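See below for model_31.cif, which holds mmCIF, C-alpha atoms.
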data_upload
loop_
_atom_site.label_atom_id
_atom_site.label_comp_id
_atom_site.auth_asym_id
_atom_site.auth_seq_id
_atom_site.Cartn_x
_atom_site.Cartn_y
_atom_site.Cartn_z
CA MET A 22 -169.52 -103.84 161.52
CA LYS A 23 -169.43 -104.13 165.30
CA THR A 24 -165.74 -105.15 165.21
CA LYS A 25 -164.98 -102.15 163.02
CA HIS A 26 -166.57 -99.84 165.59
CA ILE A 27 -164.57 -101.38 168.39
CA ILE A 28 -161.31 -100.99 166.42
CA LEU A 29 -162.13 -97.35 165.63
CA LEU A 30 -162.99 -96.63 169.26
CA ALA A 31 -159.78 -98.29 170.46
CA ALA A 32 -157.75 -96.33 167.90
CA PHE A 33 -159.42 -93.11 169.07
CA PHE A 34 -158.54 -93.77 172.73
CA ILE A 35 -154.97 -94.69 171.83
CA LEU A 36 -154.59 -91.48 169.86
CA VAL A 37 -156.04 -89.42 172.69
CA ALA A 38 -153.74 -91.12 175.21
CA LEU A 39 -150.66 -90.60 173.03
CA SER A 40 -151.42 -86.98 172.32
CA VAL A 41 -152.31 -86.01 175.88
CA ILE A 42 -149.87 -87.87 178.11
CA PRO A 43 -146.44 -88.21 176.50
CA GLY A 44 -146.97 -85.44 173.98
CA GLY A 45 -147.87 -82.98 176.75
CA VAL A 46 -144.67 -83.74 178.59
CA VAL A 47 -142.59 -83.27 175.46
CA LEU A 48 -144.27 -79.94 174.70
CA ALA A 49 -143.68 -78.66 178.26
CA GLN A 50 -139.94 -79.30 177.96
CA LYS A 51 -138.11 -76.35 176.46
CA PRO A 52 -134.71 -76.73 174.85
CA THR A 53 -131.78 -75.90 177.12
CA PRO A 54 -131.29 -72.10 176.98
CA SER A 55 -128.05 -71.03 175.35
CA ASP A 56 -125.27 -69.08 177.10
CA ASP A 57 -126.33 -65.98 175.18
CA GLU A 58 -129.88 -66.25 176.50
CA VAL A 59 -128.59 -66.74 180.04
CA ASN A 60 -126.10 -63.88 179.76
CA ALA A 61 -128.75 -61.53 178.38
CA ILE A 62 -130.32 -61.70 181.85
CA ALA A 63 -127.09 -62.18 183.80
CA ARG A 64 -125.66 -58.90 182.53
CA GLN A 65 -128.61 -57.08 184.07
CA LEU A 66 -127.63 -58.49 187.46
CA PHE A 67 -124.59 -57.97 189.65
CA CYS A 68 -122.76 -60.56 191.68
CA PRO A 69 -124.08 -60.22 195.27
CA ILE A 70 -120.67 -61.13 196.71
CA CYS A 71 -117.98 -59.53 194.55
CA GLU A 72 -118.82 -55.85 194.27
CA ASN A 73 -119.31 -54.14 190.91
CA THR A 74 -118.99 -57.32 188.86
CA PRO A 75 -121.78 -58.12 186.42
CA LEU A 76 -123.03 -61.68 186.76
CA ASP A 77 -122.32 -62.59 183.11
CA VAL A 78 -118.56 -62.03 183.48
CA CYS A 79 -118.07 -62.97 187.13
CA PRO A 80 -115.64 -65.92 187.37
CA THR A 81 -116.52 -67.23 190.87
CA GLN A 82 -118.22 -70.52 191.64
CA ALA A 83 -121.16 -68.68 193.22
CA CYS A 84 -121.76 -66.69 190.02
CA HIS A 85 -121.52 -69.89 187.97
CA ASP A 86 -124.23 -71.38 190.21
CA TRP A 87 -126.43 -68.32 189.70
CA ARG A 88 -126.03 -68.45 185.93
CA GLU A 89 -127.06 -72.11 186.04
CA LEU A 90 -130.05 -71.10 188.14
CA ILE A 91 -131.03 -68.57 185.45
CA ARG A 92 -130.70 -71.33 182.84
CA GLN A 93 -132.97 -73.62 184.87
CA MET A 94 -135.55 -70.88 185.35
CA LEU A 95 -135.53 -70.05 181.63
CA ALA A 96 -136.01 -73.76 180.85
CA GLN A 97 -138.98 -73.73 183.21
CA GLY A 98 -140.49 -70.95 181.10
CA LYS A 99 -139.90 -68.10 183.57
CA THR A 100 -139.84 -64.62 182.08
CA GLN A 101 -136.96 -62.17 182.39
CA SER A 102 -138.83 -60.02 184.92
CA GLU A 103 -139.79 -63.08 186.98
CA ILE A 104 -136.15 -64.18 187.14
CA LYS A 105 -134.97 -60.69 188.12
CA GLN A 106 -137.68 -60.50 190.77
CA TYR A 107 -136.53 -63.85 192.18
CA PHE A 108 -132.99 -62.49 192.52
CA VAL A 109 -134.25 -59.30 194.20
CA ASP A 110 -136.38 -61.32 196.65
CA HIS A 111 -133.47 -63.59 197.51
CA TYR A 112 -130.48 -61.25 197.48
CA GLY A 113 -131.89 -57.74 197.67
CA ALA A 114 -132.27 -54.89 195.17
CA ARG A 115 -128.48 -54.35 195.18
CA VAL A 116 -128.13 -57.18 192.63
CA LEU A 117 -129.89 -55.13 189.97
CA ALA A 118 -127.53 -53.43 187.51
CA GLU A 119 -130.16 -50.73 187.12
CA PRO A 120 -131.37 -49.52 190.53
CA PRO A 121 -135.14 -49.68 191.07
CA ARG A 122 -137.06 -46.45 190.53
CA ALA A 123 -138.16 -46.22 194.16
CA GLY A 124 -137.14 -44.46 197.37
CA LEU A 125 -133.73 -42.80 197.46
CA SER A 126 -132.73 -44.67 194.29
CA TRP A 127 -134.75 -42.05 192.40
CA LEU A 128 -131.85 -39.66 193.05
CA VAL A 129 -129.71 -41.74 190.67
CA TYR A 130 -132.10 -40.87 187.86
CA VAL A 131 -132.92 -37.29 188.88
CA VAL A 132 -129.64 -35.76 190.09
CA PRO A 133 -127.33 -36.31 187.04
CA PRO A 134 -129.72 -34.82 184.44
CA LEU A 135 -130.61 -32.01 186.84
CA ALA A 136 -126.92 -31.26 187.46
CA PHE A 137 -126.35 -31.32 183.69
CA LEU A 138 -129.19 -28.85 183.06
CA ILE A 139 -127.95 -26.53 185.83
CA GLY A 140 -124.44 -26.73 184.33
CA VAL A 141 -125.74 -25.84 180.86
CA PHE A 142 -127.68 -22.89 182.31
CA LEU A 143 -124.63 -21.60 184.22
CA LEU A 144 -122.41 -21.92 181.15
CA PHE A 145 -125.00 -20.10 179.04
CA ARG A 146 -125.10 -17.25 181.57
CA ALA A 147 -121.31 -17.11 181.80
CA PHE A 148 -120.88 -17.00 178.01
CA ARG A 149 -123.50 -14.26 177.75
CA THR A 150 -121.72 -12.17 180.42
CA TRP A 151 -118.33 -12.63 178.75
CA LYS A 152 -119.83 -11.60 175.42
CA GLN A 153 -121.22 -8.41 177.01
CA LEU A 154 -117.87 -7.68 178.65
CA ARG A 155 -116.11 -7.95 175.28
CA LYS A 156 -118.66 -5.69 173.56
CA GLU A 157 -118.96 -2.94 176.19
CA PRO A 158 -115.39 -1.51 176.16
CA ALA A 159 -115.60 -1.12 172.37
CA SER A 160 -119.01 0.56 172.49
CA ALA A 161 -117.88 2.73 175.38
CA THR A 162 -114.99 4.06 173.26
CA LEU A 163 -117.33 4.87 170.43
CA ALA A 164 -120.20 6.39 172.35
CA GLY A 165 -118.38 7.75 175.39
CA PRO A 166 -116.71 11.12 175.87
CA ASP A 167 -113.53 11.84 173.93
CA PRO A 168 -110.19 11.53 175.76
CA ALA A 169 -109.66 15.29 175.56
CA GLY A 170 -113.01 15.95 177.31
CA GLU A 171 -112.15 13.36 179.93
CA ASP A 172 -108.84 15.10 180.63
CA GLU A 173 -110.57 18.48 180.88
CA TYR A 174 -113.04 17.10 183.38
CA ALA A 175 -110.28 15.49 185.42
CA SER A 176 -108.18 18.64 185.48
CA ARG A 177 -111.21 20.72 186.57
CA LEU A 178 -111.97 18.24 189.32
CA GLU A 179 -108.41 18.31 190.56
CA GLU A 180 -108.44 22.12 190.50
CA GLU A 181 -111.67 22.21 192.54
CA LEU A 182 -110.15 19.84 195.05
CA ARG A 183 -107.00 21.91 195.31
CA LYS A 184 -109.10 25.01 196.05
CA ARG A 185 -110.92 23.24 198.86
CA ARG A 186 -107.72 22.26 200.63
CA MET B 13 -121.12 17.18 183.88
CA GLU B 14 -123.91 14.88 185.04
CA GLN B 15 -124.30 13.76 181.45
CA LYS B 16 -120.63 12.77 181.36
CA LEU B 17 -120.91 10.77 184.58
CA THR B 18 -123.81 8.69 183.24
CA ASP B 19 -121.98 8.08 179.98
CA SER B 20 -119.06 6.34 181.67
CA PRO B 21 -119.02 2.56 180.99
CA VAL B 22 -120.53 0.70 183.94
CA VAL B 23 -120.71 -3.08 183.86
CA THR B 24 -123.71 -4.37 185.74
CA ARG B 25 -123.60 -8.01 186.88
CA ARG B 26 -126.91 -9.67 187.59
CA GLY B 27 -126.63 -12.67 189.95
CA ALA B 28 -129.25 -15.38 190.44
CA PRO B 29 -132.03 -14.41 192.87
CA LEU B 30 -131.21 -15.02 196.53
CA TRP B 31 -133.84 -17.72 196.95
CA VAL B 32 -132.36 -19.66 194.02
CA GLN B 33 -128.89 -19.43 195.53
CA ILE B 34 -130.19 -20.63 198.92
CA LEU B 35 -132.05 -23.52 197.28
CA VAL B 36 -128.97 -24.58 195.31
CA TRP B 37 -126.79 -24.56 198.45
CA ILE B 38 -129.38 -26.49 200.45
CA GLY B 39 -129.63 -29.05 197.64
CA LEU B 40 -125.86 -29.45 197.47
CA LEU B 41 -125.60 -29.77 201.24
CA ALA B 42 -128.39 -32.39 201.32
CA LEU B 43 -126.62 -34.40 198.62
CA LEU B 44 -123.34 -34.27 200.53
CA VAL B 45 -125.06 -35.39 203.75
CA LEU B 46 -126.73 -38.27 201.90
CA LEU B 47 -123.43 -39.29 200.33
CA GLY B 48 -121.66 -39.11 203.69
CA LEU B 49 -124.36 -41.16 205.41
CA GLY B 50 -124.24 -43.73 202.62
CA LEU B 51 -120.47 -44.08 202.92
CA PHE B 52 -120.68 -44.30 206.71
CA ARG B 53 -123.37 -46.96 206.53
CA ALA B 54 -121.38 -48.92 203.96
CA GLN B 55 -118.40 -49.08 206.33
CA HIS B 56 -120.10 -49.71 209.66
CA PRO B 57 -122.31 -52.57 210.85
CA ILE B 58 -125.54 -51.72 212.62
CA ILE B 59 -124.31 -53.30 215.85
CA SER B 60 -121.05 -54.02 217.64
CA ILE B 61 -120.05 -56.04 220.71
CA GLY B 62 -122.18 -54.92 223.67
CA SER B 63 -125.04 -53.67 221.49
CA LYS B 64 -128.61 -54.89 221.64
CA VAL B 65 -129.24 -56.97 218.53
CA PRO B 66 -132.26 -55.76 216.55
CA ASP B 67 -134.99 -58.34 216.08
CA PHE B 68 -134.94 -60.44 212.92
CA THR B 69 -136.79 -63.42 211.57
CA LEU B 70 -135.08 -66.27 209.76
CA ASN B 71 -137.31 -68.20 207.34
CA LEU B 72 -136.14 -71.79 207.51
CA PHE B 73 -135.45 -74.17 204.64
CA ASP B 74 -137.95 -76.97 204.03
CA HIS B 75 -137.52 -79.83 206.51
CA TYR B 76 -136.11 -77.44 209.12
CA GLN B 77 -138.22 -76.30 212.03
CA TYR B 78 -137.77 -74.52 215.30
CA GLN B 79 -140.43 -75.23 217.92
CA GLN B 80 -142.80 -76.57 215.24
CA ALA B 81 -142.52 -73.35 213.21
CA ASN B 82 -140.80 -72.87 209.85
CA GLN B 83 -139.21 -69.66 211.02
CA ALA B 84 -137.09 -68.53 213.96
CA ASN B 85 -137.51 -65.12 215.51
CA LEU B 86 -134.72 -63.62 217.63
CA ALA B 87 -137.11 -61.89 220.06
CA SER B 88 -138.75 -65.25 220.83
CA LEU B 89 -135.34 -66.66 221.81
CA HIS B 90 -134.97 -64.23 224.72
CA GLY B 91 -133.47 -66.04 227.72
CA LYS B 92 -131.34 -68.34 225.56
CA VAL B 93 -127.85 -67.96 224.17
CA VAL B 94 -128.15 -67.64 220.39
CA VAL B 95 -125.32 -68.67 218.09
CA VAL B 96 -125.78 -67.14 214.64
CA ASN B 97 -123.56 -68.76 212.02
CA PHE B 98 -123.30 -67.24 208.53
CA TRP B 99 -122.28 -69.68 205.82
CA ALA B 100 -122.67 -70.46 202.12
CA SER B 101 -122.28 -73.58 200.00
CA TRP B 102 -119.68 -71.85 197.78
CA CYS B 103 -117.51 -71.02 200.81
CA VAL B 104 -114.70 -73.55 201.23
CA THR B 105 -113.89 -72.73 204.86
CA CYS B 106 -117.59 -73.01 205.74
CA ALA B 107 -117.35 -76.67 204.74
CA ASP B 108 -114.35 -77.09 207.06
CA GLU B 109 -116.27 -75.56 209.94
CA ALA B 110 -119.67 -77.24 209.36
CA PRO B 111 -118.96 -80.58 211.12
CA ASP B 112 -117.67 -78.76 214.22
CA MET B 113 -120.73 -76.50 214.34
CA GLU B 114 -123.04 -79.50 214.13
CA ALA B 115 -121.06 -81.33 216.85
CA ALA B 116 -121.27 -78.27 219.11
CA TRP B 117 -125.01 -77.99 218.50
CA ARG B 118 -125.50 -81.64 219.42
CA PHE B 119 -123.56 -80.99 222.62
CA TYR B 120 -125.74 -78.04 223.69
CA GLN B 121 -129.10 -79.12 222.26
CA PRO B 122 -130.18 -81.38 225.19
CA GLY B 123 -129.71 -78.53 227.68
CA GLY B 124 -132.08 -76.28 225.75
CA GLN B 125 -130.21 -73.15 226.82
CA VAL B 126 -128.36 -72.59 223.56
CA VAL B 127 -129.90 -72.20 220.10
CA PHE B 128 -127.93 -72.38 216.88
CA LEU B 129 -129.18 -70.54 213.80
CA GLY B 130 -127.54 -71.11 210.44
CA VAL B 131 -127.95 -68.19 208.04
CA ASP B 132 -127.22 -69.04 204.42
CA TYR B 133 -125.75 -65.97 202.75
CA THR B 134 -126.34 -65.32 199.02
CA ASP B 135 -126.62 -68.89 197.88
CA VAL B 136 -128.56 -71.05 195.47
CA ASP B 137 -131.16 -72.99 197.48
CA SER B 138 -130.47 -76.37 195.83
CA LYS B 139 -126.73 -76.05 196.52
CA ALA B 140 -127.41 -74.94 200.09
CA LEU B 141 -129.64 -77.95 200.72
CA ASP B 142 -126.96 -80.26 199.28
CA PHE B 143 -124.45 -78.69 201.68
CA LEU B 144 -126.74 -79.16 204.70
CA SER B 145 -127.46 -82.74 203.69
CA LYS B 146 -123.77 -83.52 203.12
CA PHE B 147 -122.78 -82.35 206.61
CA GLU B 148 -125.99 -83.66 208.24
CA ILE B 149 -126.73 -80.26 209.76
CA THR B 150 -129.73 -80.50 212.09
CA TYR B 151 -129.91 -77.05 213.72
CA PRO B 152 -132.37 -74.50 212.22
CA ASN B 153 -131.09 -73.14 208.94
CA GLY B 154 -132.50 -70.74 206.39
CA PRO B 155 -131.59 -68.33 203.63
CA ASP B 156 -131.02 -64.65 204.34
CA LEU B 157 -133.85 -63.56 202.06
CA GLY B 158 -133.20 -60.15 200.55
CA THR B 159 -129.91 -60.01 202.50
CA ARG B 160 -131.67 -58.37 205.44
CA ILE B 161 -130.04 -60.18 208.38
CA THR B 162 -126.38 -60.06 207.34
CA PRO B 163 -125.99 -56.22 207.33
CA ILE B 164 -127.13 -56.12 210.97
CA PHE B 165 -123.91 -57.90 211.91
CA ASN B 166 -121.48 -57.06 209.12
CA ARG B 167 -121.94 -55.17 205.87
CA ASN B 168 -118.78 -56.64 204.34
CA ILE B 169 -119.08 -60.17 205.56
CA ALA B 170 -116.16 -62.61 205.26
CA MET B 171 -117.54 -66.11 205.24
CA PRO B 172 -117.98 -67.86 207.58
CA GLU B 173 -118.77 -65.60 210.52
CA THR B 174 -120.35 -66.46 213.85
CA TYR B 175 -122.01 -64.15 216.37
CA ILE B 176 -123.07 -65.10 219.87
CA ILE B 177 -125.94 -63.25 221.54
CA ASP B 178 -126.54 -63.55 225.28
CA GLN B 179 -129.78 -64.26 227.14
CA GLN B 180 -130.66 -60.54 227.17
CA GLY B 181 -130.22 -60.14 223.42
CA ILE B 182 -126.83 -58.42 223.67
CA LEU B 183 -124.09 -59.27 221.20
CA ARG B 184 -121.23 -60.75 223.25
CA PHE B 185 -118.88 -62.45 220.79
CA LYS B 186 -117.97 -62.48 217.12
CA GLN B 187 -115.80 -64.83 215.14
CA ILE B 188 -114.65 -63.67 211.73
CA GLY B 189 -113.59 -66.73 209.77
CA PRO B 190 -114.07 -70.37 210.73
CA PHE B 191 -113.78 -71.96 214.16
CA GLN B 192 -111.00 -74.54 214.13
CA SER B 193 -112.53 -77.04 216.56
CA VAL B 194 -115.51 -77.89 218.75
CA ALA B 195 -113.42 -76.91 221.78
CA GLU B 196 -112.98 -73.44 220.31
CA ILE B 197 -116.72 -73.07 219.79
CA ARG B 198 -117.41 -74.22 223.35
CA ALA B 199 -114.79 -71.83 224.69
CA ALA B 200 -116.74 -69.00 223.07
CA ILE B 201 -120.19 -70.13 224.24
CA ASP B 202 -119.56 -71.36 227.80
CA PRO B 203 -118.59 -68.02 229.41
CA ILE B 204 -121.70 -66.37 227.95
CA LEU B 205 -123.89 -69.29 229.03
CA SER B 206 -122.60 -69.07 232.59
CA GLY B 207 -123.03 -65.28 232.65
CA ARG B 208 -119.35 -64.53 233.02
#

Give the structure from this file in structure tokens form.
Amino acid sequence: MKTKHIILLAAFFILVALSVIPGGVVLAQKPTPSDDEVNAIARQLFCPICENTPLDVCPTQACHDWRELIRQMLAQGKTQSEIKQYFVDHYGARVLAEPPRAGLSWLVYVVPPLAFLIGVFLLFRAFRTWKQLRKEPASATLAGPDPAGEDEYASRLEEELRKRR
Amino acid sequence: MEQKLTDSPVVTRRGAPLWVQILVWIGLLALLVLLGLGLFRAQHPIISIGSKVPDFTLNLFDHYQYQQANQANLASLHGKVVVVNFWASWCVTCADEAPDMEAAWRFYQPGGQVVFLGVDYTDVDSKALDFLSKFEITYPNGPDLGTRITPIFNRNIAMPETYIIDQQGILRFKQIGPFQSVAEIRAAIDPILSGR
């Protein structure tokens, strides 16, 4: 009976040891992130050296190193925002494909839609004015004085002017 | 007759109110000024030869120290000639230059009048440390975190670049591209060190 207890206790400790020590290490290891997973983040970043080149398509050695760094950080369990923040801290906000919504960068988000709205408003006004201009000569012909009356008025005016000379 | 005059077709054009027009023009002008300033800044460094170099702090890599601190501050180096070398592990010509820079540092280090600072530009830390270890670089080195130091000297840097600041904090010399020998580095430093 006593031997049975000892065996059970030993088995329990062995199980605990196996589950905690090696098992824990295995669980902490994540599979190597795929190129697609790396590029999903890399395309949100720009190469800090070659201007206007997204990191996922940049062919330089430096960009290759950065993509590997993203892979390592993903394997360590870092989130997308943590990885992007690391790049901003190290290389500056210029590496972000989408400028941060802070400071003068706000203009990037405000000016284009504002310019678009102003453009739409100006076009609307212009179209309305053109429409009025097209309507008014026609209505003027209908509602205005007849050409004969106009001529009579003009001839009287000219006569008055002649008398004054 | 008055009736006829008022009947004549008159097209009235209503413009935007004056204050709107003024606001629109001010907005456009402000945008143009901002754009111009941005373009100017993108093309010009903050300083040039003969300018006072603004203060900056370089956070050093692990295992590197300057006067028992893990960072080097330009203002605290007043009275010494400061050689600021920009490099990166991915830069091939930086590797060519590295042994000469280290040799020059070892030449000046005992005198204590010249300080070398290595600024690692847009690099992966592990690769940078491999580079430093490979070339046994001993002078203070650190990453340009947030790319704050580089634009002071050159906004469109061509690696490697070296800048020499005199004892009064004035930029006296710049080398775009690698030095070819220790003698060349010494030829740049010595006149500044002797106050010539």

Exercise for the section: Would you write out, as JSON, numbers by chain, every residue that the PyMOL selection byres ((chain A and resi 129-141) around 12) captures in this file? Expected result: {"A": [119, 120, 121, 122, 123, 124, 125, 126, 127, 128, 142, 143, 144, 145, 146, 147, 148], "B": [32, 36, 39, 40, 42, 43, 47]}

Which residues would end up in the selection if the PyMOL selection byres ((chain B and resi 201) around 10) were applied here, given that I need the answer as an mmCIF file with C-alpha atoms, in the frame of the given file?
data_model
loop_
_atom_site.group_PDB
_atom_site.id
_atom_site.type_symbol
_atom_site.label_atom_id
_atom_site.label_comp_id
_atom_site.auth_asym_id
_atom_site.auth_seq_id
_atom_site.Cartn_x
_atom_site.Cartn_y
_atom_site.Cartn_z
ATOM 1 C CA VAL B 93 -127.850 -67.960 224.170
ATOM 2 C CA VAL B 94 -128.150 -67.640 220.390
ATOM 3 C CA VAL B 95 -125.320 -68.670 218.090
ATOM 4 C CA ALA B 116 -121.270 -78.270 219.110
ATOM 5 C CA TYR B 120 -125.740 -78.040 223.690
ATOM 6 C CA VAL B 126 -128.360 -72.590 223.560
ATOM 7 C CA ILE B 176 -123.070 -65.100 219.870
ATOM 8 C CA ILE B 177 -125.940 -63.250 221.540
ATOM 9 C CA ASP B 178 -126.540 -63.550 225.280
ATOM 10 C CA ARG B 184 -121.230 -60.750 223.250
ATOM 11 C CA PHE B 185 -118.880 -62.450 220.790
ATOM 12 C CA ALA B 195 -113.420 -76.910 221.780
ATOM 13 C CA GLU B 196 -112.980 -73.440 220.310
ATOM 14 C CA ILE B 197 -116.720 -73.070 219.790
ATOM 15 C CA ARG B 198 -117.410 -74.220 223.350
ATOM 16 C CA ALA B 199 -114.790 -71.830 224.690
ATOM 17 C CA ALA B 200 -116.740 -69.000 223.070
ATOM 18 C CA ASP B 202 -119.560 -71.360 227.800
ATOM 19 C CA PRO B 203 -118.590 -68.020 229.410
ATOM 20 C CA ILE B 204 -121.700 -66.370 227.950
ATOM 21 C CA LEU B 205 -123.890 -69.290 229.030
ATOM 22 C CA SER B 206 -122.600 -69.070 232.590
#

Neighbours of segment 106-110 of chain A within 12 Å (all atoms listed in the file; same-chain residues fewer than 2 positions away dropped), as a JSON list (two decimals) with C-alpha atoms, in the frame of the given file?
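Here's the written file result-v7.json:
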[["chain", "number", "residue", "atom", "x", "y", "z"],
["A", 62, "ILE", "CA", -130.32, -61.70, 181.85],
["A", 63, "ALA", "CA", -127.09, -62.18, 183.80],
["A", 65, "GLN", "CA", -128.61, -57.08, 184.07],
["A", 66, "LEU", "CA", -127.63, -58.49, 187.46],
["A", 67, "PHE", "CA", -124.59, -57.97, 189.65],
["A", 68, "CYS", "CA", -122.76, -60.56, 191.68],
["A", 69, "PRO", "CA", -124.08, -60.22, 195.27],
["A", 76, "LEU", "CA", -123.03, -61.68, 186.76],
["A", 87, "TRP", "CA", -126.43, -68.32, 189.70],
["A", 88, "ARG", "CA", -126.03, -68.45, 185.93],
["A", 90, "LEU", "CA", -130.05, -71.10, 188.14],
["A", 91, "ILE", "CA", -131.03, -68.57, 185.45],
["A", 94, "MET", "CA", -135.55, -70.88, 185.35],
["A", 99, "LYS", "CA", -139.90, -68.10, 183.57],
["A", 100, "THR", "CA", -139.84, -64.62, 182.08],
["A", 101, "GLN", "CA", -136.96, -62.17, 182.39],
["A", 102, "SER", "CA", -138.83, -60.02, 184.92],
["A", 103, "GLU", "CA", -139.79, -63.08, 186.98],
["A", 104, "ILE", "CA", -136.15, -64.18, 187.14],
["A", 112, "TYR", "CA", -130.48, -61.25, 197.48],
["A", 113, "GLY", "CA", -131.89, -57.74, 197.67],
["A", 114, "ALA", "CA", -132.27, -54.89, 195.17],
["A", 115, "ARG", "CA", -128.48, -54.35, 195.18],
["A", 116, "VAL", "CA", -128.13, -57.18, 192.63],
["A", 117, "LEU", "CA", -129.89, -55.13, 189.97],
["A", 118, "ALA", "CA", -127.53, -53.43, 187.51],
["A", 119, "GLU", "CA", -130.16, -50.73, 187.12],
["A", 120, "PRO", "CA", -131.37, -49.52, 190.53],
["A", 121, "PRO", "CA", -135.14, -49.68, 191.07],
["B", 134, "THR", "CA", -126.34, -65.32, 199.02],
["B", 135, "ASP", "CA", -126.62, -68.89, 197.88],
["B", 136, "VAL", "CA", -128.56, -71.05, 195.47],
["B", 137, "ASP", "CA", -131.16, -72.99, 197.48],
["B", 155, "PRO", "CA", -131.59, -68.33, 203.63],
["B", 156, "ASP", "CA", -131.02, -64.65, 204.34],
["B", 157, "LEU", "CA", -133.85, -63.56, 202.06],
["B", 158, "GLY", "CA", -133.20, -60.15, 200.55],
["B", 159, "THR", "CA", -129.91, -60.01, 202.50],
["B", 160, "ARG", "CA", -131.67, -58.37, 205.44]]

Handout entry: Between atom CA of Phe52 of chain B and atom CA of Val96 of chain B - distance in Å to one decimal
Key =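 According to the coordinates, atom CA of Val96 of chain B and atom CA of Phe52 of chain B are separated by 24.7 Å.
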
Practice task
Figure out the distance between atom CA of Cys84 of chain A and atom CA of Val104 of chain B, please, to one decimal in Å.
Solution key: 14.9 Å
